[in-house]
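J.: This is the structure I have questions about; it appears just below.
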Amino acid sequence: MSQSLHDINVLREQIATYGKSLFDRGLTMGSSGNISQRLDDGGWLMTPTNACLGRLDPARISRLDAQGVLIDGDAPTKEHFLHRAMYDERPQSGAIVHLHSTHSVAVSCLPDVNPCECIPPLTAYYVMRVGKLPLVPYYMPGDPALGDAVRGLAGKHCAVLLANHGPVVAGKTLEAAVYATEELEETAKLFLLLQGKNPRGMTPGQVAELEARFGRP
Ligand SMILES: [Zn+2]
């Protein structure tokens, strides 16, 4: 059964609330970053193009049908294809957050970053919420090839890091996607703080133990 208009309006409010929270804490700047929520009818809510996440009007958030056609609100973010690529490969994901958050972007610019795992497993919560974070090569903003590159990784990863750009993070709910994005940004900060210090990360055995107990994110 599809959500009622009331339920969809609650989701609109939620996107605006989380958007403001992310913006107020400096996790996204200007009109960068976007948030989407999958709807039961196969469509999506998405933040509009050129919108500041700190000042979203819930009524103007874009609503798209299952074909991606705009049916309500302003035109969606120009990065809508990133979200679509993740959703297509992840039927279990209900919401996606994409930010240009500073520490995550910084990691995406490091010369020796491991493209299969940009940040090593430093903490248990990072392993449980983000897992193995792959690097997507750089493409010009709006290049559809970027969507294809994300599509190739999204089936196995709830989060990907776009080189010289930022993270795209999926979650079962919007709350879960926001928490995972925050965990990623804070762990990126830890990783940068530890550069050159030869940190003691978690062992493969400790990671395997967490995956066996809680599953992969
Ligand atoms: Zn972006």
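Every chain in the structure tokens has a letter given in the order shown (A, B, ...), and although residue numbers restart at 1 in each chain, ligands are simply numbered from 1 in the order shown.
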Using DSSP on the backbone coordinates, identify the residues of range 82-144 of chain A assigned to strand (DSSP E); present them as a list in words.

T.: Ala95, Ile96, Val97, His98, Leu135 and Val136 of chain A

J.: Go through the chains and note each residue within 9 Å of ligand 1, using only C-alpha atoms and all ligand atoms, then give the set as a PyMOL selection string.

T.: chain A and resi 32-34+78-79+82+98-100+141+162+165-168

J.: Using only C-alpha atoms, pick whichever of A:Ala124, A:Arg129, A:Ala176, A:Val169 has the shortest atom-to-atom distance to Val207 in chain A.

T.: A:Ala124

J.: Can you list, as a VMD selection string, every protein, DNA or RNA residue that comes within 7 Å of Ser101 in chain A when you count only C-alpha atoms, leaving out same-chain residues fewer than 3 positions away?

T.: chain A and resid 27 to 28 104 to 105 166 185

J.: Considering only C-alpha atoms, state which residue in the set A:Pro76, A:Gly152, A:Gly30, A:Gly54 is at the smallest distance from Ala16 in chain A.

T.: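 Result for the nearest residue to Ala16 in chain A: A:Gly54.
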
J.: Could you tell me how far CA of Ser108 in chain A sits from CA of Thr123 in chain A, in Å to one decimal place?

T.: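 Computing the Euclidean distance for CA of Thr123 in chain A and CA of Ser108 in chain A yields 19.3 Å.
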
J.: Counting only C-alpha atoms, which residues of range 131-178 of chain A sit at most 10 Å from some atom of range 35-52 of chain A, and what is each one's closest atom pair with its distance in Å to one decimal, listed by chain and rising residue number, as CSV?

T.:
```
residue,atom,partner,partner_atom,distance
A:Val168,CA,A:Ile35,CA,9.7
A:Val169,CA,A:Ile35,CA,9.7
A:Ala170,CA,A:Ser36,CA,9.5
A:Gly171,CA,A:Gln37,CA,9.7
A:Lys172,CA,A:Arg38,CA,9.8
A:Thr173,CA,A:Gln37,CA,8.0
A:Leu174,CA,A:Gln37,CA,6.8
A:Ala177,CA,A:Ile35,CA,9.4
A:Val178,CA,A:Ile35,CA,9.2
```
